Amino acid sequence: MPIHLDDLDVNSEVAGLGSALIVPCNMCPAITVAIREKQPFIELFRSFLKSAPFERYIRALQSRLKEKGITTEVFRSNIIHQWFLCMWTSGRRKKLKKHAKRYDAVIVLGCDSATETVRELVPSTDFKVIEGMKVVGFMNAKPKFHLPCNVSFEDCRIVPMSPEEPEGMAG
């Protein structure tokens with residue numbers, strides 16, 4: 001049950017910045033982009049453990065930021081157990097904390113939990129944590145495996161998030 005995300009316009013947030021570190025979660029945002037583009041999430045023999053649609057999405061974001069004079073780098077997490085940004089190990093978090101100090105901001109491509117993970121690691125003064133995506137709902141989809149070892153999703157639909165408090169429950 002991946003989380004479905006929509007893109008946020010980061011233009012106003014990056015105005016005046018010189019550099020940004022892009023920190024992607026490799027699971028929910030990558031699945032979202034693959035489904036949106038009607039492409040396989042993973043093609044193991046073509047791009048091994050990278051989602052080609054998501055990699056194109058990140059490169060396009062970098063290109064747009066470069067046009068605004070902002071230099072970027074992507075903080076990669078290529079090991080499978082590091083794909084979920086919200087569940088990074090303490091070692092991975094320390095590495096991000098150290099790496100982020102070289103930038104004016106961090107752009108998080110992930111859910112609210114991913115953003116919170118990053119926010120708790122970076123210096124709070126004169127540093128921006130920018131949400132690049134927002135949560136829309138849960139994705140209900142069927143994984144499909146097809147030759148030569150590709151993973152796609154079909155019959156996709158978005159299930160809205162439940163409200164925090166059901167009607168009639170307010171105190």
# chains A, B, ... in the order shown; residues from 1 in each chain; ligands from 1
>>> residues_around(residues="stretch 103-112 of chain A", least_positions_apart="6", cutoff="8 Å", atoms="only C-alpha atoms", output="number ranges by chain")
A: 3, 5, 17-25, 28-29, 85, 118, 126-135
>>> write_last_selection(atoms="N, CA, C and O atoms", output="compact mmCIF listing (two decimals), in the first residue's frame")
# COMPACT_ATOMS: atom_id res chain seq x y z
N ILE A 3 2.00 5.12 -0.69
CA ILE A 3 1.32 6.40 -0.57
C ILE A 3 1.38 7.10 -1.93
O ILE A 3 2.42 7.10 -2.59
N LEU A 5 1.43 10.45 -4.12
CA LEU A 5 1.89 11.82 -3.91
C LEU A 5 1.65 12.66 -5.16
O LEU A 5 1.71 12.15 -6.28
N LEU A 17 18.05 30.98 -3.49
CA LEU A 17 19.00 29.97 -3.03
C LEU A 17 20.09 29.74 -4.07
O LEU A 17 19.87 29.91 -5.26
N GLY A 18 21.23 29.28 -3.61
CA GLY A 18 22.32 28.96 -4.53
C GLY A 18 22.49 27.47 -4.74
O GLY A 18 23.01 27.03 -5.76
N SER A 19 22.05 26.68 -3.74
CA SER A 19 22.24 25.24 -3.85
C SER A 19 21.15 24.50 -3.08
O SER A 19 20.58 25.02 -2.13
N ALA A 20 20.91 23.27 -3.55
CA ALA A 20 19.92 22.42 -2.88
C ALA A 20 20.32 20.97 -3.04
O ALA A 20 20.79 20.54 -4.09
N LEU A 21 20.12 20.23 -1.97
CA LEU A 21 20.34 18.79 -1.98
C LEU A 21 18.97 18.13 -2.13
O LEU A 21 18.07 18.39 -1.34
N ILE A 22 18.82 17.31 -3.15
CA ILE A 22 17.56 16.61 -3.37
C ILE A 22 17.65 15.26 -2.68
O ILE A 22 18.57 14.49 -2.93
N VAL A 23 16.69 15.02 -1.78
CA VAL A 23 16.68 13.78 -1.00
C VAL A 23 15.40 13.02 -1.34
O VAL A 23 14.33 13.36 -0.86
N PRO A 24 15.52 12.00 -2.19
CA PRO A 24 14.33 11.24 -2.58
C PRO A 24 14.14 9.98 -1.76
O PRO A 24 15.10 9.31 -1.37
N CYS A 25 12.90 9.67 -1.50
CA CYS A 25 12.52 8.35 -1.02
C CYS A 25 12.37 7.53 -2.30
O CYS A 25 11.77 7.99 -3.27
N CYS A 28 7.62 5.17 -2.47
CA CYS A 28 6.31 5.75 -2.82
C CYS A 28 6.39 6.80 -3.94
O CYS A 28 5.61 6.73 -4.89
N PRO A 29 7.31 7.75 -3.88
CA PRO A 29 7.38 8.71 -4.99
C PRO A 29 7.73 8.05 -6.32
O PRO A 29 7.19 8.41 -7.36
N LEU A 85 12.82 6.29 2.97
CA LEU A 85 13.52 7.36 3.68
C LEU A 85 13.09 7.44 5.14
O LEU A 85 13.91 7.66 6.02
N VAL A 118 14.01 14.20 7.56
CA VAL A 118 15.04 15.14 7.12
C VAL A 118 15.06 16.36 8.03
O VAL A 118 16.13 16.82 8.46
N ASP A 126 18.70 29.31 9.35
CA ASP A 126 19.16 29.63 8.00
C ASP A 126 19.24 28.42 7.08
O ASP A 126 20.14 28.33 6.24
N PHE A 127 18.34 27.49 7.24
CA PHE A 127 18.34 26.30 6.40
C PHE A 127 16.91 25.94 6.08
O PHE A 127 16.06 25.92 6.96
N LYS A 128 16.65 25.65 4.82
CA LYS A 128 15.30 25.32 4.40
C LYS A 128 15.15 23.83 4.12
O LYS A 128 16.00 23.23 3.48
N VAL A 129 14.05 23.27 4.59
CA VAL A 129 13.63 21.94 4.20
C VAL A 129 12.38 22.15 3.36
O VAL A 129 11.38 22.68 3.85
N ILE A 130 12.46 21.79 2.10
CA ILE A 130 11.39 22.06 1.14
C ILE A 130 10.71 20.76 0.75
O ILE A 130 11.37 19.80 0.35
N GLU A 131 9.39 20.74 0.87
CA GLU A 131 8.61 19.58 0.44
C GLU A 131 8.42 19.66 -1.07
O GLU A 131 7.88 20.62 -1.57
N GLY A 132 8.86 18.63 -1.76
CA GLY A 132 8.71 18.59 -3.21
C GLY A 132 7.46 17.85 -3.65
O GLY A 132 7.07 17.90 -4.81
N MET A 133 6.83 17.15 -2.70
CA MET A 133 5.62 16.38 -2.99
C MET A 133 4.70 16.44 -1.79
O MET A 133 5.15 16.67 -0.67
N LYS A 134 3.40 16.19 -2.05
CA LYS A 134 2.44 16.15 -0.94
C LYS A 134 1.62 14.88 -1.03
O LYS A 134 1.34 14.36 -2.12
N VAL A 135 1.22 14.40 0.12
CA VAL A 135 0.43 13.17 0.22
C VAL A 135 -1.00 13.46 -0.23
O VAL A 135 -1.61 14.43 0.18
>>> residues_around(residues="A:Met27", least_positions_apart="3", cutoff="10 Å", atoms="only C-alpha atoms", output="compact mmCIF listing (two decimals) with all heavy atoms, in the first residue's frame")
# COMPACT_ATOMS: atom_id res chain seq x y z
N PRO A 2 1.43 1.58 -1.14
CA PRO A 2 2.24 2.80 -1.21
C PRO A 2 1.36 4.04 -1.05
O PRO A 2 0.16 4.01 -1.26
CB PRO A 2 2.87 2.76 -2.60
CG PRO A 2 2.28 1.60 -3.29
CD PRO A 2 1.39 0.86 -2.38
N ILE A 3 2.00 5.12 -0.69
CA ILE A 3 1.32 6.40 -0.57
C ILE A 3 1.38 7.10 -1.93
O ILE A 3 2.42 7.10 -2.59
CB ILE A 3 1.99 7.25 0.52
CG1 ILE A 3 1.79 6.59 1.87
CG2 ILE A 3 1.44 8.67 0.52
CD1 ILE A 3 2.56 7.24 3.00
N PRO A 24 15.52 12.00 -2.19
CA PRO A 24 14.33 11.24 -2.58
C PRO A 24 14.14 9.98 -1.76
O PRO A 24 15.10 9.31 -1.37
CB PRO A 24 14.63 10.87 -4.03
CG PRO A 24 16.13 10.73 -4.07
CD PRO A 24 16.67 11.71 -3.04
N ALA A 30 8.60 7.06 -6.27
CA ALA A 30 9.00 6.37 -7.50
C ALA A 30 7.83 5.58 -8.09
O ALA A 30 7.63 5.57 -9.31
CB ALA A 30 10.19 5.46 -7.23
N ILE A 31 7.08 4.94 -7.23
CA ILE A 31 5.90 4.20 -7.70
C ILE A 31 4.88 5.18 -8.27
O ILE A 31 4.29 4.95 -9.33
CB ILE A 31 5.29 3.35 -6.57
CG1 ILE A 31 6.24 2.20 -6.22
CG2 ILE A 31 3.92 2.80 -6.97
CD1 ILE A 31 5.84 1.41 -4.98
N THR A 32 4.66 6.30 -7.58
CA THR A 32 3.72 7.32 -8.05
C THR A 32 4.08 7.80 -9.45
O THR A 32 3.23 7.86 -10.33
CB THR A 32 3.70 8.52 -7.07
OG1 THR A 32 3.19 8.10 -5.81
CG2 THR A 32 2.85 9.66 -7.61
N PHE A 41 7.85 0.30 -12.90
CA PHE A 41 8.50 0.86 -11.71
C PHE A 41 9.98 0.49 -11.72
O PHE A 41 10.85 1.32 -11.52
CB PHE A 41 7.79 0.35 -10.46
CG PHE A 41 8.54 0.53 -9.18
CD1 PHE A 41 8.91 1.78 -8.73
CD2 PHE A 41 8.88 -0.58 -8.40
CE1 PHE A 41 9.60 1.94 -7.54
CE2 PHE A 41 9.57 -0.43 -7.21
CZ PHE A 41 9.92 0.83 -6.78
N SER A 51 14.43 3.16 -10.47
CA SER A 51 13.20 3.35 -11.23
C SER A 51 13.47 4.39 -12.32
O SER A 51 13.67 5.57 -12.01
CB SER A 51 12.08 3.82 -10.31
OG SER A 51 10.93 4.11 -11.06
N PHE A 54 11.35 7.57 -12.30
CA PHE A 54 11.68 8.45 -11.19
C PHE A 54 13.02 9.14 -11.42
O PHE A 54 13.19 10.31 -11.09
CB PHE A 54 11.67 7.68 -9.88
CG PHE A 54 11.69 8.54 -8.65
CD1 PHE A 54 10.84 9.63 -8.52
CD2 PHE A 54 12.53 8.25 -7.59
CE1 PHE A 54 10.83 10.41 -7.37
CE2 PHE A 54 12.54 9.02 -6.44
CZ PHE A 54 11.69 10.11 -6.33
N ILE A 80 18.55 -1.56 -1.08
CA ILE A 80 17.11 -1.77 -0.93
C ILE A 80 16.59 -1.40 0.46
O ILE A 80 15.56 -0.75 0.58
CB ILE A 80 16.72 -3.22 -1.29
CG1 ILE A 80 16.85 -3.41 -2.80
CG2 ILE A 80 15.29 -3.53 -0.86
CD1 ILE A 80 16.56 -4.81 -3.27
N GLN A 82 17.41 0.84 2.28
CA GLN A 82 17.44 2.29 2.47
C GLN A 82 16.45 3.01 1.55
O GLN A 82 16.45 4.22 1.47
CB GLN A 82 18.85 2.83 2.22
CG GLN A 82 19.86 2.33 3.20
CD GLN A 82 21.27 2.77 2.84
OE1 GLN A 82 21.53 3.31 1.78
NE2 GLN A 82 22.18 2.54 3.76
N TRP A 83 15.62 2.25 0.85
CA TRP A 83 14.68 2.88 -0.08
C TRP A 83 13.62 3.70 0.62
O TRP A 83 13.19 4.71 0.11
CB TRP A 83 14.04 1.82 -0.95
CG TRP A 83 14.87 1.48 -2.14
CD1 TRP A 83 16.17 1.81 -2.35
CD2 TRP A 83 14.46 0.76 -3.28
NE1 TRP A 83 16.60 1.32 -3.55
CE2 TRP A 83 15.55 0.66 -4.14
CE3 TRP A 83 13.26 0.15 -3.64
CZ2 TRP A 83 15.49 0.02 -5.37
CZ3 TRP A 83 13.20 -0.50 -4.85
CH2 TRP A 83 14.30 -0.56 -5.70
N PHE A 84 13.16 3.27 1.77
CA PHE A 84 12.15 4.01 2.51
C PHE A 84 12.85 5.05 3.38
O PHE A 84 13.42 4.72 4.41
CB PHE A 84 11.33 3.06 3.41
CG PHE A 84 10.43 2.15 2.67
CD1 PHE A 84 10.86 0.89 2.27
CD2 PHE A 84 9.13 2.53 2.35
CE1 PHE A 84 10.01 0.03 1.60
CE2 PHE A 84 8.27 1.67 1.67
CZ PHE A 84 8.72 0.42 1.28
N LEU A 85 12.82 6.29 2.97
CA LEU A 85 13.52 7.36 3.68
C LEU A 85 13.09 7.44 5.14
O LEU A 85 13.91 7.66 6.02
CB LEU A 85 13.24 8.68 2.96
CG LEU A 85 14.11 9.88 3.28
CD1 LEU A 85 14.03 10.88 2.15
CD2 LEU A 85 13.79 10.54 4.57
N GLY A 110 9.10 12.94 -1.06
CA GLY A 110 8.53 11.89 -0.25
C GLY A 110 7.34 12.39 0.54
O GLY A 110 6.88 13.51 0.36
>>> select_by_dssp(residues="stretch 35-159 of chain A", states="helix (DSSP H, G or I)", output="ChimeraX atom specification")
/A:35-36,44-47,52-67,80-82,85-87,90-100,112-119
>>> select_by_dssp(residues="stretch 4-140 of chain A", states="strand (DSSP E or B)", output="mmCIF file with all heavy atoms, in the first residue's frame")
data_model
loop_
_atom_site.group_PDB
_atom_site.id
_atom_site.type_symbol
_atom_site.label_atom_id
_atom_site.label_comp_id
_atom_site.auth_asym_id
_atom_site.auth_seq_id
_atom_site.Cartn_x
_atom_site.Cartn_y
_atom_site.Cartn_z
ATOM 1 N N HIS A 4 0.256 7.670 -2.349
ATOM 2 C CA HIS A 4 0.229 8.420 -3.605
ATOM 3 C C HIS A 4 0.553 9.881 -3.306
ATOM 4 O O HIS A 4 0.022 10.470 -2.364
ATOM 5 C CB HIS A 4 -1.145 8.315 -4.269
ATOM 6 C CG HIS A 4 -1.197 9.031 -5.572
ATOM 7 N ND1 HIS A 4 -0.665 8.495 -6.726
ATOM 8 C CD2 HIS A 4 -1.672 10.252 -5.903
ATOM 9 C CE1 HIS A 4 -0.827 9.358 -7.717
ATOM 10 N NE2 HIS A 4 -1.439 10.424 -7.237
ATOM 11 N N LEU A 5 1.426 10.452 -4.120
ATOM 12 C CA LEU A 5 1.894 11.822 -3.915
ATOM 13 C C LEU A 5 1.655 12.661 -5.161
ATOM 14 O O LEU A 5 1.708 12.150 -6.276
ATOM 15 C CB LEU A 5 3.396 11.806 -3.599
ATOM 16 C CG LEU A 5 3.779 10.965 -2.382
ATOM 17 C CD1 LEU A 5 5.149 10.371 -2.548
ATOM 18 C CD2 LEU A 5 3.713 11.811 -1.138
ATOM 19 N N ASP A 6 1.406 13.934 -4.951
ATOM 20 C CA ASP A 6 1.341 14.898 -6.046
ATOM 21 C C ASP A 6 2.544 15.816 -5.940
ATOM 22 O O ASP A 6 3.064 16.070 -4.842
ATOM 23 C CB ASP A 6 0.057 15.738 -5.970
ATOM 24 C CG ASP A 6 -1.142 15.039 -6.592
ATOM 25 O OD1 ASP A 6 -0.961 13.996 -7.246
ATOM 26 O OD2 ASP A 6 -2.257 15.546 -6.406
ATOM 27 N N ASP A 7 2.959 16.351 -7.078
ATOM 28 C CA ASP A 7 4.092 17.280 -7.108
ATOM 29 C C ASP A 7 3.695 18.613 -6.492
ATOM 30 O O ASP A 7 2.563 19.051 -6.626
ATOM 31 C CB ASP A 7 4.529 17.535 -8.549
ATOM 32 C CG ASP A 7 4.909 16.270 -9.283
ATOM 33 O OD1 ASP A 7 5.233 15.275 -8.620
ATOM 34 O OD2 ASP A 7 4.881 16.279 -10.525
ATOM 35 N N SER A 19 22.054 26.682 -3.743
ATOM 36 C CA SER A 19 22.244 25.239 -3.846
ATOM 37 C C SER A 19 21.153 24.500 -3.083
ATOM 38 O O SER A 19 20.584 25.015 -2.130
ATOM 39 C CB SER A 19 23.612 24.843 -3.288
ATOM 40 O OG SER A 19 23.688 25.152 -1.904
ATOM 41 N N ALA A 20 20.907 23.275 -3.548
ATOM 42 C CA ALA A 20 19.919 22.425 -2.882
ATOM 43 C C ALA A 20 20.323 20.966 -3.038
ATOM 44 O O ALA A 20 20.793 20.544 -4.093
ATOM 45 C CB ALA A 20 18.526 22.648 -3.463
ATOM 46 N N LEU A 21 20.124 20.233 -1.973
ATOM 47 C CA LEU A 21 20.337 18.791 -1.980
ATOM 48 C C LEU A 21 18.969 18.131 -2.129
ATOM 49 O O LEU A 21 18.069 18.394 -1.343
ATOM 50 C CB LEU A 21 21.001 18.340 -0.670
ATOM 51 C CG LEU A 21 21.294 16.852 -0.529
ATOM 52 C CD1 LEU A 21 22.301 16.385 -1.581
ATOM 53 C CD2 LEU A 21 21.814 16.556 0.881
ATOM 54 N N ILE A 22 18.816 17.315 -3.149
ATOM 55 C CA ILE A 22 17.557 16.610 -3.374
ATOM 56 C C ILE A 22 17.651 15.261 -2.675
ATOM 57 O O ILE A 22 18.570 14.487 -2.927
ATOM 58 C CB ILE A 22 17.283 16.428 -4.881
ATOM 59 C CG1 ILE A 22 17.167 17.802 -5.554
ATOM 60 C CG2 ILE A 22 16.029 15.597 -5.110
ATOM 61 C CD1 ILE A 22 17.132 17.753 -7.065
ATOM 62 N N VAL A 23 16.688 15.018 -1.780
ATOM 63 C CA VAL A 23 16.681 13.779 -1.000
ATOM 64 C C VAL A 23 15.403 13.022 -1.338
ATOM 65 O O VAL A 23 14.329 13.360 -0.857
ATOM 66 C CB VAL A 23 16.773 14.070 0.518
ATOM 67 C CG1 VAL A 23 16.775 12.770 1.303
ATOM 68 C CG2 VAL A 23 18.006 14.894 0.835
ATOM 69 N N PRO A 24 15.525 12.003 -2.194
ATOM 70 C CA PRO A 24 14.333 11.245 -2.579
ATOM 71 C C PRO A 24 14.141 9.976 -1.756
ATOM 72 O O PRO A 24 15.098 9.315 -1.370
ATOM 73 C CB PRO A 24 14.635 10.865 -4.033
ATOM 74 C CG PRO A 24 16.129 10.726 -4.067
ATOM 75 C CD PRO A 24 16.670 11.707 -3.045
ATOM 76 N N ILE A 42 10.256 -0.776 -11.958
ATOM 77 C CA ILE A 42 11.634 -1.286 -12.001
ATOM 78 C C ILE A 42 11.793 -2.185 -13.220
ATOM 79 O O ILE A 42 10.929 -3.003 -13.511
ATOM 80 C CB ILE A 42 11.959 -2.122 -10.740
ATOM 81 C CG1 ILE A 42 11.947 -1.266 -9.484
ATOM 82 C CG2 ILE A 42 13.277 -2.861 -10.869
ATOM 83 C CD1 ILE A 42 13.155 -0.380 -9.311
ATOM 84 N N GLU A 43 12.909 -2.013 -13.911
ATOM 85 C CA GLU A 43 13.317 -2.916 -14.987
ATOM 86 C C GLU A 43 14.681 -3.456 -14.563
ATOM 87 O O GLU A 43 15.704 -2.839 -14.837
ATOM 88 C CB GLU A 43 13.400 -2.170 -16.312
ATOM 89 C CG GLU A 43 12.064 -1.619 -16.769
ATOM 90 C CD GLU A 43 12.197 -0.767 -18.016
ATOM 91 O OE1 GLU A 43 12.673 0.385 -17.898
ATOM 92 O OE2 GLU A 43 11.834 -1.258 -19.095
ATOM 93 N N THR A 71 22.482 25.126 -7.997
ATOM 94 C CA THR A 71 23.204 23.869 -8.183
ATOM 95 C C THR A 71 22.575 22.805 -7.282
ATOM 96 O O THR A 71 22.139 23.098 -6.163
ATOM 97 C CB THR A 71 24.701 24.013 -7.840
ATOM 98 O OG1 THR A 71 24.828 24.441 -6.490
ATOM 99 C CG2 THR A 71 25.376 25.009 -8.757
ATOM 100 N N THR A 72 22.530 21.590 -7.792
ATOM 101 C CA THR A 72 21.898 20.510 -7.039
ATOM 102 C C THR A 72 22.746 19.254 -7.056
ATOM 103 O O THR A 72 23.594 19.069 -7.928
ATOM 104 C CB THR A 72 20.513 20.155 -7.628
ATOM 105 O OG1 THR A 72 20.687 19.702 -8.972
ATOM 106 C CG2 THR A 72 19.556 21.326 -7.571
ATOM 107 N N GLU A 73 22.473 18.431 -6.089
ATOM 108 C CA GLU A 73 23.011 17.082 -6.037
ATOM 109 C C GLU A 73 21.900 16.209 -5.466
ATOM 110 O O GLU A 73 21.037 16.695 -4.726
ATOM 111 C CB GLU A 73 24.248 17.016 -5.143
ATOM 112 C CG GLU A 73 24.898 15.652 -5.118
ATOM 113 C CD GLU A 73 26.109 15.583 -4.189
ATOM 114 O OE1 GLU A 73 26.602 16.630 -3.745
ATOM 115 O OE2 GLU A 73 26.530 14.453 -3.896
ATOM 116 N N VAL A 74 21.924 14.939 -5.815
ATOM 117 C CA VAL A 74 20.939 14.003 -5.296
ATOM 118 C C VAL A 74 21.613 13.127 -4.246
ATOM 119 O O VAL A 74 22.677 12.565 -4.502
ATOM 120 C CB VAL A 74 20.332 13.132 -6.419
ATOM 121 C CG1 VAL A 74 19.304 12.162 -5.845
ATOM 122 C CG2 VAL A 74 19.710 14.005 -7.498
ATOM 123 N N ALA A 105 19.619 24.376 1.141
ATOM 124 C CA ALA A 105 18.320 23.751 1.405
ATOM 125 C C ALA A 105 18.356 22.284 1.026
ATOM 126 O O ALA A 105 19.244 21.833 0.300
ATOM 127 C CB ALA A 105 17.228 24.454 0.605
ATOM 128 N N VAL A 106 17.348 21.574 1.525
ATOM 129 C CA VAL A 106 17.119 20.193 1.129
ATOM 130 C C VAL A 106 15.709 20.134 0.551
ATOM 131 O O VAL A 106 14.771 20.661 1.150
ATOM 132 C CB VAL A 106 17.238 19.226 2.326
ATOM 133 C CG1 VAL A 106 16.763 17.838 1.946
ATOM 134 C CG2 VAL A 106 18.660 19.161 2.833
ATOM 135 N N ILE A 107 15.575 19.509 -0.613
ATOM 136 C CA ILE A 107 14.268 19.282 -1.221
ATOM 137 C C ILE A 107 13.952 17.807 -1.025
ATOM 138 O O ILE A 107 14.672 16.940 -1.514
ATOM 139 C CB ILE A 107 14.260 19.648 -2.715
ATOM 140 C CG1 ILE A 107 14.593 21.128 -2.895
ATOM 141 C CG2 ILE A 107 12.899 19.308 -3.339
ATOM 142 C CD1 ILE A 107 14.806 21.547 -4.346
ATOM 143 N N VAL A 108 12.878 17.534 -0.301
ATOM 144 C CA VAL A 108 12.499 16.161 0.005
ATOM 145 C C VAL A 108 11.440 15.703 -0.985
ATOM 146 O O VAL A 108 10.413 16.356 -1.155
ATOM 147 C CB VAL A 108 11.952 16.035 1.446
ATOM 148 C CG1 VAL A 108 11.582 14.583 1.744
ATOM 149 C CG2 VAL A 108 12.965 16.553 2.451
ATOM 150 N N LEU A 109 11.708 14.582 -1.627
ATOM 151 C CA LEU A 109 10.731 13.957 -2.506
ATOM 152 C C LEU A 109 10.201 12.739 -1.763
ATOM 153 O O LEU A 109 10.801 11.665 -1.788
ATOM 154 C CB LEU A 109 11.373 13.561 -3.844
ATOM 155 C CG LEU A 109 11.984 14.706 -4.641
ATOM 156 C CD1 LEU A 109 12.632 14.177 -5.919
ATOM 157 C CD2 LEU A 109 10.952 15.768 -4.953
ATOM 158 N N LYS A 128 16.653 25.646 4.823
ATOM 159 C CA LYS A 128 15.298 25.319 4.400
ATOM 160 C C LYS A 128 15.152 23.832 4.118
ATOM 161 O O LYS A 128 16.005 23.231 3.482
ATOM 162 C CB LYS A 128 14.949 26.057 3.096
ATOM 163 C CG LYS A 128 14.535 27.470 3.264
ATOM 164 C CD LYS A 128 14.041 28.002 1.926
ATOM 165 C CE LYS A 128 13.275 29.275 2.119
ATOM 166 N NZ LYS A 128 12.706 29.753 0.873
ATOM 167 N N VAL A 129 14.052 23.273 4.593
ATOM 168 C CA VAL A 129 13.631 21.941 4.197
ATOM 169 C C VAL A 129 12.378 22.154 3.359
ATOM 170 O O VAL A 129 11.380 22.681 3.848
ATOM 171 C CB VAL A 129 13.339 21.025 5.407
ATOM 172 C CG1 VAL A 129 12.788 19.687 4.940
ATOM 173 C CG2 VAL A 129 14.604 20.826 6.231
ATOM 174 N N ILE A 130 12.460 21.791 2.095
ATOM 175 C CA ILE A 130 11.386 22.059 1.137
ATOM 176 C C ILE A 130 10.705 20.755 0.751
ATOM 177 O O ILE A 130 11.371 19.800 0.346
ATOM 178 C CB ILE A 130 11.961 22.756 -0.117
ATOM 179 C CG1 ILE A 130 12.644 24.069 0.285
ATOM 180 C CG2 ILE A 130 10.872 22.979 -1.162
ATOM 181 C CD1 ILE A 130 13.493 24.697 -0.817
ATOM 182 N N GLU A 131 9.387 20.744 0.868
ATOM 183 C CA GLU A 131 8.613 19.583 0.437
ATOM 184 C C GLU A 131 8.421 19.656 -1.066
ATOM 185 O O GLU A 131 7.876 20.624 -1.575
ATOM 186 C CB GLU A 131 7.259 19.549 1.134
ATOM 187 C CG GLU A 131 7.353 19.274 2.611
ATOM 188 C CD GLU A 131 5.990 19.250 3.262
ATOM 189 O OE1 GLU A 131 5.507 20.332 3.621
ATOM 190 O OE2 GLU A 131 5.440 18.141 3.399
ATOM 191 N N MET A 133 6.828 17.151 -2.698
ATOM 192 C CA MET A 133 5.625 16.381 -2.995
ATOM 193 C C MET A 133 4.702 16.436 -1.789
ATOM 194 O O MET A 133 5.153 16.671 -0.671
ATOM 195 C CB MET A 133 5.970 14.926 -3.319
ATOM 196 C CG MET A 133 6.873 14.767 -4.522
ATOM 197 S SD MET A 133 7.272 13.030 -4.820
ATOM 198 C CE MET A 133 6.790 12.916 -6.534
ATOM 199 N N LYS A 134 3.400 16.195 -2.051
ATOM 200 C CA LYS A 134 2.444 16.152 -0.945
ATOM 201 C C LYS A 134 1.620 14.876 -1.030
ATOM 202 O O LYS A 134 1.344 14.361 -2.121
ATOM 203 C CB LYS A 134 1.532 17.370 -0.948
ATOM 204 C CG LYS A 134 0.548 17.398 -2.087
ATOM 205 C CD LYS A 134 -0.418 18.558 -1.971
ATOM 206 C CE LYS A 134 -1.383 18.511 -3.156
ATOM 207 N NZ LYS A 134 -2.411 19.475 -3.080
ATOM 208 N N VAL A 135 1.219 14.398 0.124
ATOM 209 C CA VAL A 135 0.434 13.171 0.218
ATOM 210 C C VAL A 135 -1.002 13.456 -0.235
ATOM 211 O O VAL A 135 -1.614 14.430 0.181
ATOM 212 C CB VAL A 135 0.432 12.637 1.662
ATOM 213 C CG1 VAL A 135 -0.516 11.461 1.808
ATOM 214 C CG2 VAL A 135 1.843 12.256 2.087
ATOM 215 N N VAL A 136 -1.520 12.578 -1.096
ATOM 216 C CA VAL A 136 -2.886 12.690 -1.585
ATOM 217 C C VAL A 136 -3.744 11.561 -1.021
ATOM 218 O O VAL A 136 -4.901 11.742 -0.694
ATOM 219 C CB VAL A 136 -2.917 12.656 -3.128
ATOM 220 C CG1 VAL A 136 -4.332 12.678 -3.646
ATOM 221 C CG2 VAL A 136 -2.128 13.819 -3.699
ATOM 222 N N GLY A 137 -3.163 10.388 -0.911
ATOM 223 C CA GLY A 137 -3.904 9.241 -0.402
ATOM 224 C C GLY A 137 -3.062 7.990 -0.508
ATOM 225 O O GLY A 137 -1.869 8.050 -0.804
ATOM 226 N N PHE A 138 -3.705 6.878 -0.271
ATOM 227 C CA PHE A 138 -3.033 5.589 -0.431
ATOM 228 C C PHE A 138 -3.286 5.088 -1.845
ATOM 229 O O PHE A 138 -4.323 5.343 -2.433
ATOM 230 C CB PHE A 138 -3.594 4.560 0.560
ATOM 231 C CG PHE A 138 -3.316 4.906 1.981
ATOM 232 C CD1 PHE A 138 -4.322 5.398 2.802
ATOM 233 C CD2 PHE A 138 -2.050 4.740 2.516
ATOM 234 C CE1 PHE A 138 -4.073 5.715 4.121
ATOM 235 C CE2 PHE A 138 -1.798 5.054 3.832
ATOM 236 C CZ PHE A 138 -2.814 5.552 4.641
ATOM 237 N N MET A 139 -2.329 4.361 -2.363
ATOM 238 C CA MET A 139 -2.485 3.771 -3.678
ATOM 239 C C MET A 139 -2.933 2.323 -3.513
ATOM 240 O O MET A 139 -2.320 1.565 -2.764
ATOM 241 C CB MET A 139 -1.155 3.813 -4.413
ATOM 242 C CG MET A 139 -1.303 4.125 -5.847
ATOM 243 S SD MET A 139 0.280 4.330 -6.653
ATOM 244 C CE MET A 139 1.157 5.448 -5.612
ATOM 245 N N ASN A 140 -3.971 1.980 -4.200
ATOM 246 C CA ASN A 140 -4.428 0.596 -4.223
ATOM 247 C C ASN A 140 -4.109 0.100 -5.620
ATOM 248 O O ASN A 140 -4.666 0.593 -6.601
ATOM 249 C CB ASN A 140 -5.930 0.541 -3.940
ATOM 250 C CG ASN A 140 -6.427 -0.872 -3.798
ATOM 251 O OD1 ASN A 140 -6.213 -1.692 -4.674
ATOM 252 N ND2 ASN A 140 -7.095 -1.140 -2.700
#
>>> atom_distance(atom1="atom CA of A:Leu49", atom2="atom CA of A:Ser113")
22.8 Å
>>> atom_distance(atom1="atom CA of A:Ala141", atom2="atom CA of A:Trp88")
24.9 Å
>>> closest_residue(among="A:Leu65, A:Cys86, A:Ala34, A:Val122", to="A:Ala100", atoms="only C-alpha atoms")
A:Val122
